[in-house]
Amino acid sequence: MALTDLKKFTTIDANVKAYWNLDEASAGTTWDNGEGTAGWDAVPVSGSQPAVSASTVNGNFTNCRIGDNNDYATFTDPGFPTGAFTLEFIIKGDDNPTDTEAFMAQYPTASGDRSFYAQYDQTTRKISFGVTGDGTTFKNITSATATTATQWHYIVCTYEPSTAIRIYIDGTLDNSNTTSIPASIHNSSSIIAFMRYNTTWGGANALDGVLQGVRVSNVTRDATFISSVWAGTEGGGGSSA
C-alpha cells in the first residue's frame, strides 16, 4: 500500500500516552498543538514557528509539518515511560544527512540526564534508535534498510525492558538488538524535542525533512499491531507486549 493511504494517528487504547497529528487549518498558519494529552502538548519554539509552506508536500498529506533545520518543538517531560514504550512516526527526510538528524529525543547537551533518541543515521537515511538506563551510556540499533528521500515512511521504535529494542519500517520488523538491554530507562528531567535533540543543537543535527505524526505508547507494541497500523486499521487487530 502507499503511505498516502495511512490514517492519521488516533487514540485506540489506554496505552497511548499522547499523539500528535501535526495539522493546521491552512497552509502557513501556526501549528496547533496536536492531540497530546494534558501536559504532553508540544510547543513550537523556532523563530518562525513550524508551519507548512504549501497545501501539500510532494503531493502527499495536506497540511503537513515541515521541520527543515530551524523548525522544531519541545515540551517539558510530563512523565515519559521509564519502562516499556513505543514511538511511532510518519516522516520523510528529504536529504542525505551530513550528520545525525534527530526527529524525537530526550537528549540534553550534558551527559547524565539523557533518556532516548530516534534519528536518521549519519550520511544515510537509515534509522537509529537508542535508549539509556543511566543517562549516559546508550544501547542502540540502526536499521538495515535506508529510507528514501522521495517517500513517506511509517517508522516504529520499540523498547522492551531487559529484552530488546527494535525498529520497524513500513509495517515490517527491520532490525532488533537483544544484547544487554537496560531494565529501565533513565528518568530524565530534560525537555523532549521534535526535530532536534535539544534546543541548542541545530544545523546539521536538526531534521531536514517533514514530520507528520508522532504517537507514544507505554507498552511494547508487537508486530501484529504495527502491521495493522500500516494496513490502515490503526492497530485494531494487534496486541501489546
# chains A, B, ... in the order shown; residues from 1 in each chain; ligands from 1
>>> residues_around(residues="Lys92 (chain A)", least_positions_apart="2", cutoff="6 Å", atoms="only C-alpha atoms", output="PDB file with all heavy atoms, in the first residue's frame")
ATOM      1  N   TRP A 152       7.199   8.963   1.937  1.00  0.00           N
ATOM      2  CA  TRP A 152       6.848   8.970   3.345  1.00  0.00           C
ATOM      3  C   TRP A 152       7.035   7.574   3.921  1.00  0.00           C
ATOM      4  O   TRP A 152       6.829   6.572   3.231  1.00  0.00           O
ATOM      5  CB  TRP A 152       5.394   9.387   3.525  1.00  0.00           C
ATOM      6  CG  TRP A 152       5.167  10.836   3.272  1.00  0.00           C
ATOM      7  CD1 TRP A 152       4.860  11.432   2.081  1.00  0.00           C
ATOM      8  CD2 TRP A 152       5.234  11.878   4.243  1.00  0.00           C
ATOM      9  NE1 TRP A 152       4.724  12.786   2.247  1.00  0.00           N
ATOM     10  CE2 TRP A 152       4.951  13.084   3.561  1.00  0.00           C
ATOM     11  CE3 TRP A 152       5.500  11.912   5.604  1.00  0.00           C
ATOM     12  CZ2 TRP A 152       4.923  14.312   4.214  1.00  0.00           C
ATOM     13  CZ3 TRP A 152       5.470  13.132   6.262  1.00  0.00           C
ATOM     14  CH2 TRP A 152       5.190  14.313   5.567  1.00  0.00           C
ATOM     15  N   GLY A 209      13.615  17.601   6.788  1.00  0.00           N
ATOM     16  CA  GLY A 209      12.551  16.744   6.277  1.00  0.00           C
ATOM     17  C   GLY A 209      11.233  17.142   6.890  1.00  0.00           C
ATOM     18  O   GLY A 209      11.084  18.259   7.390  1.00  0.00           O
ATOM     19  N   VAL A 210      10.278  16.222   6.877  1.00  0.00           N
ATOM     20  CA  VAL A 210       8.927  16.531   7.325  1.00  0.00           C
ATOM     21  C   VAL A 210       8.468  15.494   8.333  1.00  0.00           C
ATOM     22  O   VAL A 210       8.600  14.294   8.105  1.00  0.00           O
ATOM     23  CB  VAL A 210       7.952  16.551   6.130  1.00  0.00           C
ATOM     24  CG1 VAL A 210       6.589  17.073   6.553  1.00  0.00           C
ATOM     25  CG2 VAL A 210       8.508  17.382   4.993  1.00  0.00           C
TER      26      VAL A 210
END
>>> residues_around(residues="region 114-126 of chain A", least_positions_apart="2", cutoff="6 Å", atoms="only C-alpha atoms", output="ChimeraX atom specification")
/A:96-107,112,128-132,135,143,145-147,186,188
>>> write_last_selection(atoms="C-alpha atoms", output="CSV table (one decimal), in the first residue's frame")
chain,number,residue,atom,x,y,z
A,96,ASN,CA,21.1,12.7,2.7
A,97,PRO,CA,22.2,13.8,6.2
A,98,THR,CA,25.7,15.2,6.6
A,99,ASP,CA,25.3,14.3,10.3
A,100,THR,CA,22.8,12.6,12.5
A,101,GLU,CA,19.4,14.2,12.3
A,102,ALA,CA,17.0,13.8,15.3
A,103,PHE,CA,13.3,13.6,14.9
A,104,MET,CA,12.5,12.9,18.5
A,105,ALA,CA,14.8,12.9,21.5
A,106,GLN,CA,15.3,13.5,25.2
A,107,TYR,CA,18.9,14.3,24.9
A,112,GLY,CA,24.0,12.1,32.6
A,128,SER,CA,18.9,4.8,14.5
A,129,PHE,CA,17.3,4.4,17.9
A,130,GLY,CA,18.9,4.4,21.3
A,131,VAL,CA,18.0,4.1,25.0
A,132,THR,CA,20.0,4.6,28.2
A,135,GLY,CA,21.5,8.8,31.4
A,143,SER,CA,18.1,-0.1,10.6
A,145,THR,CA,17.3,-0.5,5.4
A,146,ALA,CA,17.8,3.0,4.3
A,147,THR,CA,14.6,5.0,3.8
A,186,HIS,CA,16.7,6.8,32.9
A,188,SER,CA,15.3,12.3,32.7
>>> residues_around(residues="region 200-202 of chain A", least_positions_apart="2", cutoff="10 Å", atoms="only C-alpha atoms", output="VMD selection string")
chain A and resid 69 to 72 101 to 102 108 to 109 195 to 198 204 to 207
>>> atom_distance(atom1="CA of Gly133 (chain A)", atom2="CA of Gly203 (chain A)")
28.0 Å
>>> atom_distance(atom1="CA of Ser228 (chain A)", atom2="CA of Tyr159 (chain A)")
19.0 Å
>>> closest_residue(among="A:Ile185, A:Ile191, A:Ile167, A:Ile91", to="Thr150 (chain A)", atoms="only C-alpha atoms")
A:Ile91
>>> select_by_dssp(residues="region 43-213 of chain A", states="strand (DSSP E or B)", output="number ranges by chain")
A: 43-44, 57, 60, 66, 73-75, 85-93, 101-106, 116-120, 126-132, 138-146, 153-160, 164-169, 172-177, 192-194, 206, 209-213
>>> residues_around(residues="Tyr168 (chain A)", least_positions_apart="4", cutoff="9 Å", atoms="only C-alpha atoms", output="NGL selection string")
:A and (143 or 154-158 or 172-176 or 223 or 226)
>>> write_last_selection(atoms="N, CA, C and O atoms", output="PDB file, in the first residue's frame")
ATOM      1  N   SER A 143      18.798   0.675  11.563  1.00  0.00           N
ATOM      2  CA  SER A 143      18.051  -0.149  10.621  1.00  0.00           C
ATOM      3  C   SER A 143      18.962  -0.707   9.544  1.00  0.00           C
ATOM      4  O   SER A 143      19.970  -0.097   9.168  1.00  0.00           O
ATOM      5  N   TYR A 154       6.460   5.028   7.592  1.00  0.00           N
ATOM      6  CA  TYR A 154       5.914   4.775   8.922  1.00  0.00           C
ATOM      7  C   TYR A 154       7.010   4.068   9.712  1.00  0.00           C
ATOM      8  O   TYR A 154       7.341   2.909   9.451  1.00  0.00           O
ATOM      9  N   ILE A 155       7.588   4.783  10.663  1.00  0.00           N
ATOM     10  CA  ILE A 155       8.723   4.291  11.451  1.00  0.00           C
ATOM     11  C   ILE A 155       8.256   4.016  12.874  1.00  0.00           C
ATOM     12  O   ILE A 155       7.601   4.858  13.498  1.00  0.00           O
ATOM     13  N   VAL A 156       8.613   2.840  13.406  1.00  0.00           N
ATOM     14  CA  VAL A 156       8.272   2.481  14.776  1.00  0.00           C
ATOM     15  C   VAL A 156       9.531   2.031  15.504  1.00  0.00           C
ATOM     16  O   VAL A 156      10.299   1.209  14.985  1.00  0.00           O
ATOM     17  N   CYS A 157       9.745   2.570  16.696  1.00  0.00           N
ATOM     18  CA  CYS A 157      10.853   2.173  17.567  1.00  0.00           C
ATOM     19  C   CYS A 157      10.259   1.656  18.874  1.00  0.00           C
ATOM     20  O   CYS A 157       9.465   2.358  19.506  1.00  0.00           O
ATOM     21  N   THR A 158      10.642   0.440  19.266  1.00  0.00           N
ATOM     22  CA  THR A 158      10.087  -0.143  20.490  1.00  0.00           C
ATOM     23  C   THR A 158      11.192  -0.496  21.469  1.00  0.00           C
ATOM     24  O   THR A 158      12.289  -0.894  21.077  1.00  0.00           O
ATOM     25  N   THR A 172       6.966  -3.527   8.894  1.00  0.00           N
ATOM     26  CA  THR A 172       7.748  -4.758   8.951  1.00  0.00           C
ATOM     27  C   THR A 172       8.953  -4.582   9.861  1.00  0.00           C
ATOM     28  O   THR A 172       9.633  -3.546   9.812  1.00  0.00           O
ATOM     29  N   LEU A 173       9.247  -5.585  10.687  1.00  0.00           N
ATOM     30  CA  LEU A 173      10.441  -5.544  11.521  1.00  0.00           C
ATOM     31  C   LEU A 173      11.676  -5.472  10.647  1.00  0.00           C
ATOM     32  O   LEU A 173      11.893  -6.320   9.776  1.00  0.00           O
ATOM     33  N   ASP A 174      12.505  -4.452  10.881  1.00  0.00           N
ATOM     34  CA  ASP A 174      13.720  -4.268  10.094  1.00  0.00           C
ATOM     35  C   ASP A 174      14.958  -4.769  10.830  1.00  0.00           C
ATOM     36  O   ASP A 174      15.825  -5.403  10.250  1.00  0.00           O
ATOM     37  N   ASN A 175      15.058  -4.470  12.147  1.00  0.00           N
ATOM     38  CA  ASN A 175      16.245  -4.870  12.904  1.00  0.00           C
ATOM     39  C   ASN A 175      15.920  -4.860  14.395  1.00  0.00           C
ATOM     40  O   ASN A 175      15.000  -4.165  14.838  1.00  0.00           O
ATOM     41  N   SER A 176      16.677  -5.650  15.156  1.00  0.00           N
ATOM     42  CA  SER A 176      16.489  -5.688  16.607  1.00  0.00           C
ATOM     43  C   SER A 176      17.832  -5.918  17.278  1.00  0.00           C
ATOM     44  O   SER A 176      18.770  -6.444  16.688  1.00  0.00           O
ATOM     45  N   ALA A 223       4.431  -6.989  16.480  1.00  0.00           N
ATOM     46  CA  ALA A 223       4.474  -6.930  15.029  1.00  0.00           C
ATOM     47  C   ALA A 223       3.080  -6.911  14.413  1.00  0.00           C
ATOM     48  O   ALA A 223       2.857  -6.252  13.382  1.00  0.00           O
ATOM     49  N   ILE A 226       1.658  -3.360  14.722  1.00  0.00           N
ATOM     50  CA  ILE A 226       2.348  -2.419  13.832  1.00  0.00           C
ATOM     51  C   ILE A 226       1.962  -2.657  12.379  1.00  0.00           C
ATOM     52  O   ILE A 226       1.709  -1.703  11.626  1.00  0.00           O
TER      53      ILE A 226
END
>>> residues_around(residues="Gly39 (chain A)", least_positions_apart="2", cutoff="12 Å", atoms="only C-alpha atoms", output="list in words")
Lys17, Ala18, Tyr19, Asn33, Glu35, Gly36, Thr37, Asp41, Ala42, Val43, Thr74, Phe75, Thr76, Asp77, Pro78, Gly79, Phe80 and Ile192 of chain A
>>> write_last_selection(atoms="all heavy atoms", output="short mmCIF file (atom, residue, chain, number, x, y, z; two decimals), in the first residue's frame")
data_model
loop_
_atom_site.label_atom_id
_atom_site.label_comp_id
_atom_site.auth_asym_id
_atom_site.auth_seq_id
_atom_site.Cartn_x
_atom_site.Cartn_y
_atom_site.Cartn_z
N LYS A 17 -0.09 7.20 25.40
CA LYS A 17 0.16 8.31 26.32
C LYS A 17 -0.17 9.65 25.68
O LYS A 17 -0.68 10.55 26.34
CB LYS A 17 1.63 8.30 26.77
CG LYS A 17 2.02 7.07 27.56
CD LYS A 17 1.40 7.04 28.93
CE LYS A 17 2.00 8.10 29.84
NZ LYS A 17 1.46 8.01 31.22
N ALA A 18 0.17 9.80 24.41
CA ALA A 18 -0.08 11.05 23.71
C ALA A 18 0.15 10.83 22.22
O ALA A 18 0.87 9.92 21.83
CB ALA A 18 0.84 12.17 24.21
N TYR A 19 -0.48 11.67 21.41
CA TYR A 19 -0.22 11.61 19.97
C TYR A 19 -0.40 12.99 19.37
O TYR A 19 -1.10 13.84 19.91
CB TYR A 19 -1.12 10.59 19.28
CG TYR A 19 -2.60 10.91 19.30
CD1 TYR A 19 -3.23 11.44 18.17
CD2 TYR A 19 -3.38 10.68 20.42
CE1 TYR A 19 -4.58 11.72 18.18
CE2 TYR A 19 -4.72 10.95 20.44
CZ TYR A 19 -5.32 11.47 19.32
OH TYR A 19 -6.66 11.77 19.33
N ASN A 33 -1.39 22.50 18.61
CA ASN A 33 -0.53 21.65 19.42
C ASN A 33 -0.88 20.16 19.34
O ASN A 33 -0.40 19.38 20.13
CB ASN A 33 -0.56 22.10 20.88
CG ASN A 33 0.31 23.33 21.09
OD1 ASN A 33 1.09 23.69 20.22
ND2 ASN A 33 0.17 23.97 22.23
N GLU A 35 -2.79 16.51 19.47
CA GLU A 35 -3.69 15.81 20.36
C GLU A 35 -2.99 15.30 21.60
O GLU A 35 -3.39 14.31 22.19
CB GLU A 35 -4.37 14.65 19.62
CG GLU A 35 -5.32 15.08 18.52
CD GLU A 35 -4.64 15.42 17.22
OE1 GLU A 35 -3.46 15.06 17.05
OE2 GLU A 35 -5.26 16.05 16.36
N GLY A 36 -1.88 15.90 21.99
CA GLY A 36 -1.20 15.50 23.20
C GLY A 36 -2.13 15.62 24.39
O GLY A 36 -2.89 16.58 24.50
N THR A 37 -2.09 14.65 25.30
CA THR A 37 -2.92 14.74 26.49
C THR A 37 -2.37 15.80 27.43
O THR A 37 -1.32 16.38 27.18
CB THR A 37 -2.96 13.38 27.20
OG1 THR A 37 -1.62 12.96 27.51
CG2 THR A 37 -3.60 12.33 26.33
N ASP A 41 1.40 18.48 25.45
CA ASP A 41 1.34 19.29 24.25
C ASP A 41 2.71 19.88 23.92
O ASP A 41 3.34 20.52 24.75
CB ASP A 41 0.33 20.43 24.41
CG ASP A 41 -1.08 19.98 24.07
OD1 ASP A 41 -1.21 18.95 23.40
OD2 ASP A 41 -2.03 20.66 24.47
N ALA A 42 3.13 19.65 22.69
CA ALA A 42 4.41 20.18 22.24
C ALA A 42 4.24 21.64 21.82
O ALA A 42 3.22 22.02 21.27
CB ALA A 42 4.94 19.36 21.09
N VAL A 43 5.25 22.45 22.08
CA VAL A 43 5.19 23.88 21.82
C VAL A 43 6.19 24.24 20.73
O VAL A 43 7.39 23.99 20.89
CB VAL A 43 5.50 24.69 23.09
CG1 VAL A 43 5.46 26.18 22.80
CG2 VAL A 43 4.53 24.33 24.20
N THR A 74 9.22 21.60 21.40
CA THR A 74 9.61 20.94 22.64
C THR A 74 8.43 20.88 23.60
O THR A 74 7.45 21.60 23.44
CB THR A 74 10.74 21.70 23.36
OG1 THR A 74 10.25 22.94 23.85
CG2 THR A 74 11.95 21.92 22.46
N PHE A 75 8.55 20.00 24.58
CA PHE A 75 7.64 20.06 25.72
C PHE A 75 8.38 19.56 26.96
O PHE A 75 9.30 18.75 26.87
CB PHE A 75 6.34 19.30 25.49
CG PHE A 75 6.50 17.85 25.14
CD1 PHE A 75 6.48 16.86 26.11
CD2 PHE A 75 6.62 17.47 23.81
CE1 PHE A 75 6.59 15.52 25.78
CE2 PHE A 75 6.73 16.12 23.46
CZ PHE A 75 6.72 15.15 24.45
N THR A 76 7.98 20.09 28.11
CA THR A 76 8.54 19.65 29.38
C THR A 76 8.10 18.22 29.65
O THR A 76 6.93 17.88 29.47
CB THR A 76 8.07 20.56 30.52
OG1 THR A 76 8.48 21.90 30.23
CG2 THR A 76 8.66 20.12 31.85
N ASP A 77 9.02 17.38 30.07
CA ASP A 77 8.72 15.97 30.31
C ASP A 77 7.61 15.83 31.34
O ASP A 77 7.79 16.19 32.50
CB ASP A 77 9.98 15.24 30.77
CG ASP A 77 9.77 13.75 30.97
OD1 ASP A 77 8.64 13.27 30.74
OD2 ASP A 77 10.71 13.07 31.36
N PRO A 78 6.44 15.29 30.94
CA PRO A 78 5.34 15.13 31.89
C PRO A 78 5.34 13.76 32.55
O PRO A 78 4.39 13.40 33.24
CB PRO A 78 4.11 15.27 30.97
CG PRO A 78 4.58 14.65 29.69
CD PRO A 78 6.06 14.94 29.58
N GLY A 79 6.38 12.99 32.32
CA GLY A 79 6.45 11.64 32.85
C GLY A 79 6.56 10.62 31.73
O GLY A 79 5.69 9.75 31.57
N PHE A 80 7.60 10.74 30.93
CA PHE A 80 7.81 9.79 29.84
C PHE A 80 8.02 8.40 30.44
O PHE A 80 8.65 8.26 31.49
CB PHE A 80 9.03 10.19 29.00
CG PHE A 80 9.14 9.43 27.72
CD1 PHE A 80 8.49 9.88 26.59
CD2 PHE A 80 9.89 8.27 27.64
CE1 PHE A 80 8.58 9.18 25.39
CE2 PHE A 80 9.98 7.56 26.46
CZ PHE A 80 9.33 8.01 25.32
N ILE A 192 11.71 17.20 26.08
CA ILE A 192 11.62 16.31 24.94
C ILE A 192 11.42 17.17 23.70
O ILE A 192 10.66 18.15 23.73
CB ILE A 192 10.46 15.32 25.11
CG1 ILE A 192 10.73 14.42 26.33
CG2 ILE A 192 10.25 14.48 23.86
CD1 ILE A 192 9.59 13.49 26.69
#
>>> residues_around(residues="Thr163 (chain A)", least_positions_apart="2", cutoff="6 Å", atoms="only C-alpha atoms", output="MDAnalysis selection string")
chainID A and resid 160:161 178 181
>>> closest_residue(among="A:Phe194, A:Phe89, A:Phe9, A:Phe225", to="Pro44 (chain A)", atoms="only C-alpha atoms")
A:Phe194
>>> atom_distance(atom1="CA of Thr82 (chain A)", atom2="CA of Val229 (chain A)")
24.3 Å
>>> decode(residues="region 103-121 of chain A", atoms="N, CA, C and O atoms", output="CSV table (one decimal), in the first residue's frame")
chain,number,residue,atom,x,y,z
A,103,PHE,N,14.7,13.2,15.0
A,103,PHE,CA,13.3,13.6,14.9
A,103,PHE,C,12.5,13.4,16.1
A,103,PHE,O,11.4,14.0,16.2
A,104,MET,N,13.0,12.8,17.2
A,104,MET,CA,12.5,12.9,18.5
A,104,MET,C,13.6,12.5,19.5
A,104,MET,O,14.3,11.5,19.2
A,105,ALA,N,13.7,13.2,20.6
A,105,ALA,CA,14.8,12.9,21.5
A,105,ALA,C,14.5,13.5,22.9
A,105,ALA,O,13.9,14.6,23.0
A,106,GLN,N,15.1,12.9,23.9
A,106,GLN,CA,15.3,13.5,25.2
A,106,GLN,C,16.8,13.4,25.5
A,106,GLN,O,17.2,12.4,26.0
A,107,TYR,N,17.5,14.4,25.0
A,107,TYR,CA,18.9,14.3,24.9
A,107,TYR,C,19.6,15.6,25.1
A,107,TYR,O,19.9,16.3,24.2
A,108,PRO,N,19.7,16.1,26.4
A,108,PRO,CA,20.3,17.3,26.6
A,108,PRO,C,21.8,17.4,26.2
A,108,PRO,O,22.4,16.3,26.0
A,109,THR,N,22.4,18.5,26.2
A,109,THR,CA,23.8,18.7,25.7
A,109,THR,C,24.7,18.0,26.7
A,109,THR,O,25.7,17.4,26.3
A,110,ALA,N,24.4,18.0,28.0
A,110,ALA,CA,25.2,17.4,29.0
A,110,ALA,C,24.8,16.0,29.3
A,110,ALA,O,23.7,15.7,29.5
A,111,SER,N,25.8,15.1,29.2
A,111,SER,CA,25.6,13.7,29.5
A,111,SER,C,25.2,13.5,31.0
A,111,SER,O,25.5,14.3,31.8
A,112,GLY,N,24.4,12.5,31.2
A,112,GLY,CA,24.0,12.1,32.6
A,112,GLY,C,22.5,12.3,32.8
A,112,GLY,O,22.0,11.7,33.8
A,113,ASP,N,21.8,13.0,31.9
A,113,ASP,CA,20.3,13.2,32.1
A,113,ASP,C,19.6,12.9,30.8
A,113,ASP,O,18.6,13.4,30.5
A,114,ARG,N,20.2,12.0,30.0
A,114,ARG,CA,19.6,11.6,28.7
A,114,ARG,C,18.7,10.4,28.9
A,114,ARG,O,18.7,9.7,29.9
A,115,SER,N,17.8,10.1,27.9
A,115,SER,CA,16.9,9.1,28.0
A,115,SER,C,16.8,8.2,26.7
A,115,SER,O,17.0,7.0,26.7
A,116,PHE,N,16.5,8.9,25.6
A,116,PHE,CA,16.3,8.2,24.3
A,116,PHE,C,16.5,9.1,23.2
A,116,PHE,O,16.5,10.3,23.3
A,117,TYR,N,16.7,8.5,22.0
A,117,TYR,CA,16.7,9.3,20.7
A,117,TYR,C,16.2,8.5,19.6
A,117,TYR,O,16.3,7.2,19.6
A,118,ALA,N,15.6,9.1,18.6
A,118,ALA,CA,15.3,8.5,17.3
A,118,ALA,C,15.8,9.4,16.2
A,118,ALA,O,15.5,10.6,16.3
A,119,GLN,N,16.5,8.9,15.3
A,119,GLN,CA,17.2,9.8,14.3
A,119,GLN,C,17.5,9.1,13.0
A,119,GLN,O,17.3,7.9,12.8
A,120,TYR,N,17.8,10.0,12.0
A,120,TYR,CA,18.5,9.5,10.8
A,120,TYR,C,19.9,9.3,11.1
A,120,TYR,O,20.6,10.2,11.7
A,121,ASP,N,20.5,8.2,10.6
A,121,ASP,CA,21.9,7.9,10.8
A,121,ASP,C,22.8,8.9,10.0
A,121,ASP,O,22.3,9.4,9.0
